[in-house]
>>> print(open('target-v5.pdb').read())   # PDB, C-alpha atoms
MODEL        1
ATOM      1  CA  GLU K  25       0.000   0.000   0.000  1.00  0.00           C
ATOM      2  CA  GLY K  26       2.842   2.371   0.869  1.00  0.00           C
ATOM      3  CA  ILE K  27       4.632   1.655  -2.403  1.00  0.00           C
ATOM      4  CA  LYS K  28       1.494   2.347  -4.438  1.00  0.00           C
ATOM      5  CA  ARG K  29       0.879   5.539  -2.463  1.00  0.00           C
ATOM      6  CA  HIS K  30       4.409   6.689  -3.319  1.00  0.00           C
ATOM      7  CA  ASP K  31       4.130   5.722  -7.006  1.00  0.00           C
ATOM      8  CA  PRO K  32       0.733   4.432  -8.162  1.00  0.00           C
ATOM      9  CA  TYR K  33       2.239   3.227 -11.451  1.00  0.00           C
ATOM     10  CA  VAL K  34       4.948   0.960 -10.017  1.00  0.00           C
ATOM     11  CA  GLU K  35       4.170  -2.712 -10.465  1.00  0.00           C
ATOM     12  CA  VAL K  36       4.366  -4.635  -7.169  1.00  0.00           C
ATOM     13  CA  ILE K  37       4.993  -8.371  -7.196  1.00  0.00           C
ATOM     14  CA  ILE K  38       4.383 -10.165  -3.898  1.00  0.00           C
ATOM     15  CA  LEU K  39       6.576 -13.209  -3.131  1.00  0.00           C
ATOM     16  CA  THR K  40       5.545 -15.202  -0.075  1.00  0.00           C
ATOM     17  CA  GLY K  41       6.197 -18.497   1.568  1.00  0.00           C
ATOM     18  CA  GLN K  42       3.050 -18.251   3.684  1.00  0.00           C
ATOM     19  CA  ALA K  43       0.319 -17.836   1.116  1.00  0.00           C
ATOM     20  CA  THR K  44      -3.281 -17.587   2.189  1.00  0.00           C
ATOM     21  CA  LEU K  45      -6.353 -16.779   0.202  1.00  0.00           C
ATOM     22  CA  GLU K  46      -6.930 -13.721   2.404  1.00  0.00           C
ATOM     23  CA  SER K  47      -3.378 -12.339   1.938  1.00  0.00           C
ATOM     24  CA  ALA K  48      -3.643 -12.832  -1.835  1.00  0.00           C
ATOM     25  CA  ARG K  49      -7.006 -11.069  -1.923  1.00  0.00           C
ATOM     26  CA  GLN K  50      -5.680  -8.198   0.193  1.00  0.00           C
ATOM     27  CA  ALA K  51      -2.510  -7.823  -1.919  1.00  0.00           C
ATOM     28  CA  LEU K  52      -4.512  -7.645  -5.138  1.00  0.00           C
ATOM     29  CA  GLN K  53      -7.007  -5.195  -3.613  1.00  0.00           C
ATOM     30  CA  LEU K  54      -4.116  -2.928  -2.635  1.00  0.00           C
ATOM     31  CA  GLY K  55      -2.871  -2.936  -6.213  1.00  0.00           C
ATOM     32  CA  ALA K  56      -0.295  -5.712  -6.400  1.00  0.00           C
ATOM     33  CA  PHE K  57       0.421  -6.748  -9.971  1.00  0.00           C
ATOM     34  CA  ALA K  58       1.062 -10.384  -9.081  1.00  0.00           C
ATOM     35  CA  TYR K  59       1.172 -12.729  -6.109  1.00  0.00           C
ATOM     36  CA  LEU K  60       3.691 -15.578  -6.252  1.00  0.00           C
ATOM     37  CA  CYS K  61       3.941 -18.388  -3.733  1.00  0.00           C
ATOM     38  CA  LYS K  62       7.304 -19.924  -2.864  1.00  0.00           C
ATOM     39  CA  PRO K  63       8.604 -22.122  -4.194  1.00  0.00           C
ATOM     40  CA  PHE K  64       7.986 -21.039  -7.768  1.00  0.00           C
ATOM     41  CA  GLU K  65       9.674 -21.801 -11.072  1.00  0.00           C
ATOM     42  CA  MET K  66      12.188 -19.216 -12.322  1.00  0.00           C
ATOM     43  CA  LYS K  67      10.475 -19.290 -15.693  1.00  0.00           C
ATOM     44  CA  GLU K  68       7.213 -18.259 -14.028  1.00  0.00           C
ATOM     45  CA  GLY K  69       9.014 -15.503 -12.083  1.00  0.00           C
ATOM     46  CA  ARG K  70      10.628 -14.144 -15.246  1.00  0.00           C
ATOM     47  CA  GLN K  71       7.292 -14.151 -17.079  1.00  0.00           C
ATOM     48  CA  VAL K  72       5.624 -12.200 -14.279  1.00  0.00           C
ATOM     49  CA  VAL K  73       8.486  -9.672 -14.200  1.00  0.00           C
ATOM     50  CA  ASP K  74       8.388  -9.333 -18.004  1.00  0.00           C
ATOM     51  CA  ARG K  75       4.627  -8.719 -17.938  1.00  0.00           C
ATOM     52  CA  ALA K  76       5.050  -6.149 -15.155  1.00  0.00           C
ATOM     53  CA  LEU K  77       7.817  -4.354 -17.072  1.00  0.00           C
ATOM     54  CA  ASN K  78       5.737  -4.368 -20.261  1.00  0.00           C
ATOM     55  CA  ARG K  79       2.784  -2.934 -18.393  1.00  0.00           C
ATOM     56  CA  ARG K  80       5.001  -0.241 -16.849  1.00  0.00           C
ATOM     57  CA  ARG K  81       6.379   0.686 -20.290  1.00  0.00           C
ATOM     58  CA  GLN K  82       2.858   0.810 -21.693  1.00  0.00           C
ATOM     59  CA  ILE K  83       1.708   3.114 -18.885  1.00  0.00           C
ATOM     60  CA  GLN K  84       4.735   5.365 -19.399  1.00  0.00           C
ATOM     61  CA  SER K  85       3.980   5.472 -23.102  1.00  0.00           C
ATOM     62  CA  TRP K  86       0.350   6.427 -22.396  1.00  0.00           C
ATOM     63  CA  GLN K  87       1.494   9.099 -19.956  1.00  0.00           C
ATOM     64  CA  ALA K  88       3.890  10.529 -22.538  1.00  0.00           C
ATOM     65  CA  LEU K  89       1.101  10.612 -25.131  1.00  0.00           C
ATOM     66  CA  GLU K  90      -1.263  12.210 -22.629  1.00  0.00           C
ATOM     67  CA  GLY K  91       1.339  14.872 -21.812  1.00  0.00           C
ATOM     68  CA  GLU K  92       1.928  15.508 -25.504  1.00  0.00           C
ATOM     69  CA  LEU K  93      -1.822  15.849 -26.156  1.00  0.00           C
ATOM     70  CA  ARG K  94      -2.201  18.193 -23.181  1.00  0.00           C
ATOM     71  CA  GLN K  95       0.687  20.335 -24.462  1.00  0.00           C
ATOM     72  CA  ARG K  96      -0.784  20.313 -27.965  1.00  0.00           C
ATOM     73  CA  ARG K  97      -4.148  21.530 -26.596  1.00  0.00           C
ATOM     74  CA  ILE K  98      -2.382  24.279 -24.655  1.00  0.00           C
ATOM     75  CA  ASP K  99      -0.421  25.303 -27.747  1.00  0.00           C
ATOM     76  CA  GLU K 100      -3.621  25.381 -29.830  1.00  0.00           C
ATOM     77  CA  GLU K 101      -5.371  27.506 -27.205  1.00  0.00           C
ATOM     78  CA  ILE K 102      -2.420  29.900 -27.092  1.00  0.00           C
ATOM     79  CA  GLU K 103      -2.592  30.205 -30.881  1.00  0.00           C
ATOM     80  CA  ARG K 104      -6.337  30.959 -30.694  1.00  0.00           C
ATOM     81  CA  VAL K 105      -5.782  33.634 -28.068  1.00  0.00           C
ATOM     82  CA  LYS K 106      -2.933  35.131 -30.086  1.00  0.00           C
ATOM     83  CA  ALA K 107      -5.103  35.219 -33.202  1.00  0.00           C
ATOM     84  CA  ASP K 108      -7.961  36.854 -31.293  1.00  0.00           C
ATOM     85  CA  ILE K 109      -5.643  39.468 -29.853  1.00  0.00           C
ATOM     86  CA  TYR K 110      -3.443  40.125 -32.873  1.00  0.00           C
ATOM     87  CA  THR K 111      -6.388  41.243 -34.982  1.00  0.00           C
ATOM     88  CA  PRO K 112      -7.177  44.266 -32.779  1.00  0.00           C
ATOM     89  CA  LEU K 113      -3.463  44.919 -32.337  1.00  0.00           C
ATOM     90  CA  THR K 114      -3.013  44.965 -36.088  1.00  0.00           C
ATOM     91  CA  THR K 115      -5.971  47.329 -36.344  1.00  0.00           C
ATOM     92  CA  ALA K 116      -4.412  49.611 -33.733  1.00  0.00           C
ATOM     93  CA  MET K 117      -1.135  49.583 -35.650  1.00  0.00           C
ATOM     94  CA  GLY K 118      -3.006  50.444 -38.842  1.00  0.00           C
ATOM     95  CA  LEU K 119      -4.712  53.350 -37.101  1.00  0.00           C
ATOM     96  CA  LEU K 120      -1.357  54.628 -35.879  1.00  0.00           C
ATOM     97  CA  GLU K 121       0.119  54.367 -39.360  1.00  0.00           C
ATOM     98  CA  MET K 122      -2.852  56.257 -40.862  1.00  0.00           C
ATOM     99  CA  LEU K 123      -2.487  58.900 -38.162  1.00  0.00           C
ATOM    100  CA  GLN K 124       1.214  59.161 -38.960  1.00  0.00           C
ATOM    101  CA  LEU K 125       0.390  59.661 -42.654  1.00  0.00           C
ATOM    102  CA  ASP K 126      -2.172  62.359 -41.761  1.00  0.00           C
ATOM    103  CA  VAL K 127       0.371  64.106 -39.548  1.00  0.00           C
ATOM    104  CA  ASP K 128       3.062  63.881 -42.235  1.00  0.00           C
ATOM    105  CA  ALA K 129       0.627  65.323 -44.805  1.00  0.00           C
ATOM    106  CA  GLN K 130      -0.507  67.909 -42.229  1.00  0.00           C
ATOM    107  CA  ARG K 131      -4.154  66.812 -42.536  1.00  0.00           C
ATOM    108  CA  ALA K 132      -4.655  66.271 -38.804  1.00  0.00           C
ATOM    109  CA  ASP K 133      -4.887  68.824 -36.030  1.00  0.00           C
ATOM    110  CA  ASP K 134      -3.455  68.326 -32.546  1.00  0.00           C
ATOM    111  CA  ALA K 135      -6.778  67.205 -31.062  1.00  0.00           C
ATOM    112  CA  GLN K 136      -7.207  64.488 -33.712  1.00  0.00           C
ATOM    113  CA  VAL K 137      -3.644  63.276 -33.198  1.00  0.00           C
ATOM    114  CA  LEU K 138      -4.008  63.143 -29.424  1.00  0.00           C
ATOM    115  CA  GLN K 139      -7.346  61.346 -29.624  1.00  0.00           C
ATOM    116  CA  GLY K 140      -5.995  58.830 -32.147  1.00  0.00           C
ATOM    117  CA  LEU K 141      -2.982  58.156 -29.956  1.00  0.00           C
ATOM    118  CA  ARG K 142      -5.174  57.675 -26.875  1.00  0.00           C
ATOM    119  CA  ASP K 143      -7.479  55.285 -28.743  1.00  0.00           C
ATOM    120  CA  ALA K 144      -4.600  53.231 -30.122  1.00  0.00           C
ATOM    121  CA  ARG K 145      -2.802  53.119 -26.764  1.00  0.00           C
ATOM    122  CA  GLU K 146      -5.993  52.015 -24.997  1.00  0.00           C
ATOM    123  CA  GLN K 147      -6.550  49.174 -27.463  1.00  0.00           C
ATOM    124  CA  ILE K 148      -2.953  48.005 -27.314  1.00  0.00           C
ATOM    125  CA  SER K 149      -2.928  48.140 -23.520  1.00  0.00           C
ATOM    126  CA  PHE K 150      -6.222  46.236 -23.369  1.00  0.00           C
ATOM    127  CA  CYS K 151      -4.903  43.513 -25.674  1.00  0.00           C
ATOM    128  CA  ALA K 152      -1.676  43.208 -23.691  1.00  0.00           C
ATOM    129  CA  SER K 153      -3.617  42.736 -20.447  1.00  0.00           C
ATOM    130  CA  ILE K 154      -5.748  40.017 -22.037  1.00  0.00           C
ATOM    131  CA  ILE K 155      -2.665  38.237 -23.335  1.00  0.00           C
ATOM    132  CA  ARG K 156      -1.034  38.303 -19.895  1.00  0.00           C
ATOM    133  CA  ARG K 157      -4.182  37.083 -18.154  1.00  0.00           C
ATOM    134  CA  TYR K 158      -4.813  34.154 -20.497  1.00  0.00           C
ATOM    135  CA  LEU K 159      -1.184  33.099 -20.761  1.00  0.00           C
ATOM    136  CA  ASN K 160      -1.042  32.969 -16.966  1.00  0.00           C
ATOM    137  CA  LEU K 161      -4.083  30.678 -17.011  1.00  0.00           C
ATOM    138  CA  MET K 162      -2.372  28.385 -19.493  1.00  0.00           C
ATOM    139  CA  ARG K 163       0.929  28.272 -17.627  1.00  0.00           C
ATOM    140  CA  ARG K 164      -0.582  26.694 -14.531  1.00  0.00           C
ATOM    141  CA  PRO K 165       1.263  23.704 -13.094  1.00  0.00           C
ATOM    142  CA  ALA K 166       0.224  20.275 -14.366  1.00  0.00           C
ATOM    143  CA  GLY K 167      -2.705  18.893 -12.423  1.00  0.00           C
ATOM    144  CA  LYS K 168      -3.728  22.288 -11.045  1.00  0.00           C
ATOM    145  CA  VAL K 169      -7.175  23.387 -12.141  1.00  0.00           C
ATOM    146  CA  ALA K 170      -7.288  26.785 -13.799  1.00  0.00           C
ATOM    147  CA  ALA K 171      -9.702  29.253 -12.358  1.00  0.00           C
ATOM    148  CA  ALA K 172     -11.139  31.893 -14.626  1.00  0.00           C
ATOM    149  CA  ASP K 173     -13.576  34.638 -13.827  1.00  0.00           C
ATOM    150  CA  VAL K 174     -16.332  34.042 -16.374  1.00  0.00           C
ATOM    151  CA  SER K 175     -17.554  37.619 -16.053  1.00  0.00           C
ATOM    152  CA  GLN K 176     -14.016  38.842 -16.869  1.00  0.00           C
ATOM    153  CA  VAL K 177     -13.843  36.604 -19.934  1.00  0.00           C
ATOM    154  CA  MET K 178     -17.229  37.872 -21.136  1.00  0.00           C
ATOM    155  CA  GLU K 179     -16.211  41.501 -20.508  1.00  0.00           C
ATOM    156  CA  ASP K 180     -13.003  40.978 -22.490  1.00  0.00           C
ATOM    157  CA  LEU K 181     -14.963  39.487 -25.387  1.00  0.00           C
ATOM    158  CA  LYS K 182     -17.518  42.288 -25.284  1.00  0.00           C
ATOM    159  CA  LYS K 183     -14.768  44.937 -25.455  1.00  0.00           C
ATOM    160  CA  LEU K 184     -13.003  43.156 -28.294  1.00  0.00           C
ATOM    161  CA  ILE K 185     -16.183  42.824 -30.312  1.00  0.00           C
ATOM    162  CA  ARG K 186     -17.256  46.407 -29.665  1.00  0.00           C
ATOM    163  CA  VAL K 187     -14.000  47.956 -30.892  1.00  0.00           C
ATOM    164  CA  HIS K 188     -13.236  45.600 -33.735  1.00  0.00           C
ATOM    165  CA  PRO K 189     -13.648  47.466 -37.029  1.00  0.00           C
ATOM    166  CA  THR K 190     -15.303  44.561 -38.881  1.00  0.00           C
ATOM    167  CA  VAL K 191     -18.193  44.286 -36.407  1.00  0.00           C
TER     168      VAL K 191
ENDMDL
END
>>> encode(input="target-v5.pdb", output="C-alpha cells")
Amino acid sequence: EGIKRHDPYVEVIILTGQATLESARQALQLGAFAYLCKPFEMKEGRQVVDRALNRRRQIQSWQALEGELRQRRIDEEIERVKADIYTPLTTAMGLLEMLQLDVDAQRADDAQVLQGLRDAREQISFCASIIRRYLNLMRRPAGKVAAADVSQVMEDLKKLIRVHPTV
C-alpha cells in the first residue's frame, strides 16, 4: 500500500512463503500486480516480471502521449488567443500608421492626433492585459485546475467585439 501511495504506477509483485487466500485477496485489492507463492519456477518468475515491465512501459507510453496531447491543446489555445488578440493589435497599428500619414501630410490637427494616440494606446494596452491574463491561465502547473472569472472573460470578449472594425 505504501509503495502504491508513493508511485501508483509501479508494479508490485508479492513473493511469499506463507500464502493464504486472504493475503492474496488483500494484496490484489491494494494494487499488487502479481502474487507468487514460494517455491515457484524461475520461468514463471521471469514471465511475471516481463509482464510487469511491459505494463510499466505501456503506462509510461500512455502518460507521454497524454502529456503531448495536453501540451498540444495548450499550444492550440495559445494560438487561438494570439489570433484573437493580434487582430485588434493589427488594427491599432493600422490606425497609428494612418495617423502618422495624416500628420506627415498635415491633414490632422493636434486634437485628432491626441485622440488617435489615446485610442490606439488604450486598445494596445487592453490587448496586452488580455494576453497576460490568459497566458497565466495556461501556464498553470500540471494537475492544477485553472480558475477563470467568467464575467471577466465575457467583458473581455464584449470589449473586443465592440471595438473591432469589422463588427
>>> resolve_selection(input="target-v5.pdb", expression="the PyMOL selection byres ((chain K and resi 36-51) around 8)", output="PyMOL selection string")
chain K and resi 27+34-35+52-63+73
>>> write_last_selection(input="target-v5.pdb", atoms="C-alpha atoms", output="compact mmCIF listing (two decimals), in the frame of the given file")
# COMPACT_ATOMS: atom_id res chain seq x y z
CA ILE K 27 4.63 1.66 -2.40
CA VAL K 34 4.95 0.96 -10.02
CA GLU K 35 4.17 -2.71 -10.46
CA LEU K 52 -4.51 -7.64 -5.14
CA GLN K 53 -7.01 -5.20 -3.61
CA LEU K 54 -4.12 -2.93 -2.64
CA GLY K 55 -2.87 -2.94 -6.21
CA ALA K 56 -0.30 -5.71 -6.40
CA PHE K 57 0.42 -6.75 -9.97
CA ALA K 58 1.06 -10.38 -9.08
CA TYR K 59 1.17 -12.73 -6.11
CA LEU K 60 3.69 -15.58 -6.25
CA CYS K 61 3.94 -18.39 -3.73
CA LYS K 62 7.30 -19.92 -2.86
CA PRO K 63 8.60 -22.12 -4.19
CA VAL K 73 8.49 -9.67 -14.20
>>> resolve_selection(input="target-v5.pdb", expression="the PyMOL selection byres ((chain K and resi 120) around 12)", output="list in words")
Leu113, Thr114, Thr115, Ala116, Met117, Gly118, Leu119, Glu121, Met122, Leu123, Gln124, Leu125, Asp126, Val127, Gln136, Val137, Leu138, Gln139, Gly140, Leu141, Arg142, Asp143, Ala144, Arg145, Gln147 and Ile148 of chain K
>>> atom_distance(input="target-v5.pdb", atom1="atom CA of K:Val105", atom2="atom CA of K:Ile155")
7.3 Å
>>> atom_distance(input="target-v5.pdb", atom1="atom CA of K:Lys67", atom2="atom CA of K:Glu25")
27.0 Å
>>> atom_distance(input="target-v5.pdb", atom1="atom CA of K:Leu159", atom2="atom CA of K:Arg97")
13.3 Å
>>> closest_residue(input="target-v5.pdb", among="K:Leu93, K:Glu146, K:Gln71, K:Met178", to="K:Pro112", atoms="all atoms listed in the file")
K:Glu146
>>> build_atoms(input="target-v5.pdb", residues="stretch 114-138 of chain K", atoms="N, CA, C and O atoms", output="PDB file, keeping the file's coordinate frame")
ATOM      1  N   THR K 114      -3.317  44.568 -34.718  1.00  0.00           N
ATOM      2  CA  THR K 114      -3.013  44.965 -36.088  1.00  0.00           C
ATOM      3  C   THR K 114      -3.849  46.172 -36.490  1.00  0.00           C
ATOM      4  O   THR K 114      -3.358  47.097 -37.156  1.00  0.00           O
ATOM      5  N   THR K 115      -5.103  46.187 -36.073  1.00  0.00           N
ATOM      6  CA  THR K 115      -5.971  47.329 -36.344  1.00  0.00           C
ATOM      7  C   THR K 115      -5.416  48.593 -35.693  1.00  0.00           C
ATOM      8  O   THR K 115      -5.361  49.656 -36.312  1.00  0.00           O
ATOM      9  N   ALA K 116      -4.988  48.455 -34.433  1.00  0.00           N
ATOM     10  CA  ALA K 116      -4.412  49.611 -33.733  1.00  0.00           C
ATOM     11  C   ALA K 116      -3.162  50.102 -34.454  1.00  0.00           C
ATOM     12  O   ALA K 116      -2.961  51.319 -34.597  1.00  0.00           O
ATOM     13  N   MET K 117      -2.335  49.182 -34.906  1.00  0.00           N
ATOM     14  CA  MET K 117      -1.135  49.583 -35.650  1.00  0.00           C
ATOM     15  C   MET K 117      -1.511  50.280 -36.952  1.00  0.00           C
ATOM     16  O   MET K 117      -0.886  51.277 -37.334  1.00  0.00           O
ATOM     17  N   GLY K 118      -2.543  49.781 -37.616  1.00  0.00           N
ATOM     18  CA  GLY K 118      -3.006  50.444 -38.842  1.00  0.00           C
ATOM     19  C   GLY K 118      -3.506  51.850 -38.563  1.00  0.00           C
ATOM     20  O   GLY K 118      -3.224  52.783 -39.333  1.00  0.00           O
ATOM     21  N   LEU K 119      -4.238  52.022 -37.476  1.00  0.00           N
ATOM     22  CA  LEU K 119      -4.712  53.350 -37.101  1.00  0.00           C
ATOM     23  C   LEU K 119      -3.550  54.296 -36.830  1.00  0.00           C
ATOM     24  O   LEU K 119      -3.575  55.474 -37.226  1.00  0.00           O
ATOM     25  N   LEU K 120      -2.540  53.799 -36.155  1.00  0.00           N
ATOM     26  CA  LEU K 120      -1.357  54.628 -35.879  1.00  0.00           C
ATOM     27  C   LEU K 120      -0.636  55.008 -37.173  1.00  0.00           C
ATOM     28  O   LEU K 120      -0.179  56.153 -37.327  1.00  0.00           O
ATOM     29  N   GLU K 121      -0.542  54.072 -38.088  1.00  0.00           N
ATOM     30  CA  GLU K 121       0.119  54.367 -39.360  1.00  0.00           C
ATOM     31  C   GLU K 121      -0.678  55.403 -40.156  1.00  0.00           C
ATOM     32  O   GLU K 121      -0.095  56.317 -40.756  1.00  0.00           O
ATOM     33  N   MET K 122      -2.022  55.269 -40.158  1.00  0.00           N
ATOM     34  CA  MET K 122      -2.852  56.257 -40.862  1.00  0.00           C
ATOM     35  C   MET K 122      -2.708  57.631 -40.210  1.00  0.00           C
ATOM     36  O   MET K 122      -2.621  58.657 -40.896  1.00  0.00           O
ATOM     37  N   LEU K 123      -2.672  57.652 -38.879  1.00  0.00           N
ATOM     38  CA  LEU K 123      -2.487  58.900 -38.162  1.00  0.00           C
ATOM     39  C   LEU K 123      -1.137  59.515 -38.503  1.00  0.00           C
ATOM     40  O   LEU K 123      -1.039  60.729 -38.721  1.00  0.00           O
ATOM     41  N   GLN K 124      -0.111  58.672 -38.591  1.00  0.00           N
ATOM     42  CA  GLN K 124       1.214  59.161 -38.960  1.00  0.00           C
ATOM     43  C   GLN K 124       1.192  59.769 -40.363  1.00  0.00           C
ATOM     44  O   GLN K 124       1.772  60.828 -40.600  1.00  0.00           O
ATOM     45  N   LEU K 125       0.499  59.121 -41.289  1.00  0.00           N
ATOM     46  CA  LEU K 125       0.390  59.661 -42.654  1.00  0.00           C
ATOM     47  C   LEU K 125      -0.341  61.004 -42.654  1.00  0.00           C
ATOM     48  O   LEU K 125       0.065  61.950 -43.360  1.00  0.00           O
ATOM     49  N   ASP K 126      -1.428  61.093 -41.854  1.00  0.00           N
ATOM     50  CA  ASP K 126      -2.172  62.359 -41.761  1.00  0.00           C
ATOM     51  C   ASP K 126      -1.307  63.460 -41.167  1.00  0.00           C
ATOM     52  O   ASP K 126      -1.344  64.606 -41.625  1.00  0.00           O
ATOM     53  N   VAL K 127      -0.516  63.110 -40.160  1.00  0.00           N
ATOM     54  CA  VAL K 127       0.371  64.106 -39.548  1.00  0.00           C
ATOM     55  C   VAL K 127       1.431  64.527 -40.546  1.00  0.00           C
ATOM     56  O   VAL K 127       1.713  65.722 -40.710  1.00  0.00           O
ATOM     57  N   ASP K 128       2.029  63.563 -41.239  1.00  0.00           N
ATOM     58  CA  ASP K 128       3.062  63.881 -42.235  1.00  0.00           C
ATOM     59  C   ASP K 128       2.506  64.769 -43.344  1.00  0.00           C
ATOM     60  O   ASP K 128       3.195  65.658 -43.839  1.00  0.00           O
ATOM     61  N   ALA K 129       1.258  64.530 -43.741  1.00  0.00           N
ATOM     62  CA  ALA K 129       0.627  65.323 -44.805  1.00  0.00           C
ATOM     63  C   ALA K 129      -0.041  66.574 -44.243  1.00  0.00           C
ATOM     64  O   ALA K 129      -0.674  67.313 -44.989  1.00  0.00           O
ATOM     65  N   GLN K 130       0.064  66.761 -42.939  1.00  0.00           N
ATOM     66  CA  GLN K 130      -0.507  67.909 -42.229  1.00  0.00           C
ATOM     67  C   GLN K 130      -2.023  68.013 -42.423  1.00  0.00           C
ATOM     68  O   GLN K 130      -2.571  69.097 -42.569  1.00  0.00           O
ATOM     69  N   ARG K 131      -2.699  66.848 -42.411  1.00  0.00           N
ATOM     70  CA  ARG K 131      -4.154  66.812 -42.536  1.00  0.00           C
ATOM     71  C   ARG K 131      -4.839  66.627 -41.186  1.00  0.00           C
ATOM     72  O   ARG K 131      -6.043  66.526 -41.108  1.00  0.00           O
ATOM     73  N   ALA K 132      -4.060  66.514 -40.112  1.00  0.00           N
ATOM     74  CA  ALA K 132      -4.655  66.271 -38.804  1.00  0.00           C
ATOM     75  C   ALA K 132      -4.252  67.394 -37.847  1.00  0.00           C
ATOM     76  O   ALA K 132      -3.110  67.848 -37.849  1.00  0.00           O
ATOM     77  N   ASP K 133      -5.229  67.825 -37.041  1.00  0.00           N
ATOM     78  CA  ASP K 133      -4.887  68.824 -36.030  1.00  0.00           C
ATOM     79  C   ASP K 133      -4.442  68.119 -34.752  1.00  0.00           C
ATOM     80  O   ASP K 133      -4.537  66.892 -34.620  1.00  0.00           O
ATOM     81  N   ASP K 134      -3.984  68.899 -33.788  1.00  0.00           N
ATOM     82  CA  ASP K 134      -3.455  68.326 -32.546  1.00  0.00           C
ATOM     83  C   ASP K 134      -4.493  67.494 -31.802  1.00  0.00           C
ATOM     84  O   ASP K 134      -4.174  66.446 -31.241  1.00  0.00           O
ATOM     85  N   ALA K 135      -5.726  67.940 -31.787  1.00  0.00           N
ATOM     86  CA  ALA K 135      -6.778  67.205 -31.062  1.00  0.00           C
ATOM     87  C   ALA K 135      -7.010  65.839 -31.698  1.00  0.00           C
ATOM     88  O   ALA K 135      -7.173  64.835 -30.987  1.00  0.00           O
ATOM     89  N   GLN K 136      -7.033  65.773 -33.031  1.00  0.00           N
ATOM     90  CA  GLN K 136      -7.207  64.488 -33.712  1.00  0.00           C
ATOM     91  C   GLN K 136      -6.038  63.548 -33.437  1.00  0.00           C
ATOM     92  O   GLN K 136      -6.222  62.351 -33.213  1.00  0.00           O
ATOM     93  N   VAL K 137      -4.842  64.086 -33.453  1.00  0.00           N
ATOM     94  CA  VAL K 137      -3.644  63.276 -33.198  1.00  0.00           C
ATOM     95  C   VAL K 137      -3.680  62.725 -31.777  1.00  0.00           C
ATOM     96  O   VAL K 137      -3.472  61.528 -31.559  1.00  0.00           O
ATOM     97  N   LEU K 138      -3.964  63.589 -30.811  1.00  0.00           N
ATOM     98  CA  LEU K 138      -4.008  63.143 -29.424  1.00  0.00           C
ATOM     99  C   LEU K 138      -5.089  62.096 -29.208  1.00  0.00           C
ATOM    100  O   LEU K 138      -4.857  61.089 -28.520  1.00  0.00           O
TER     101      LEU K 138
END
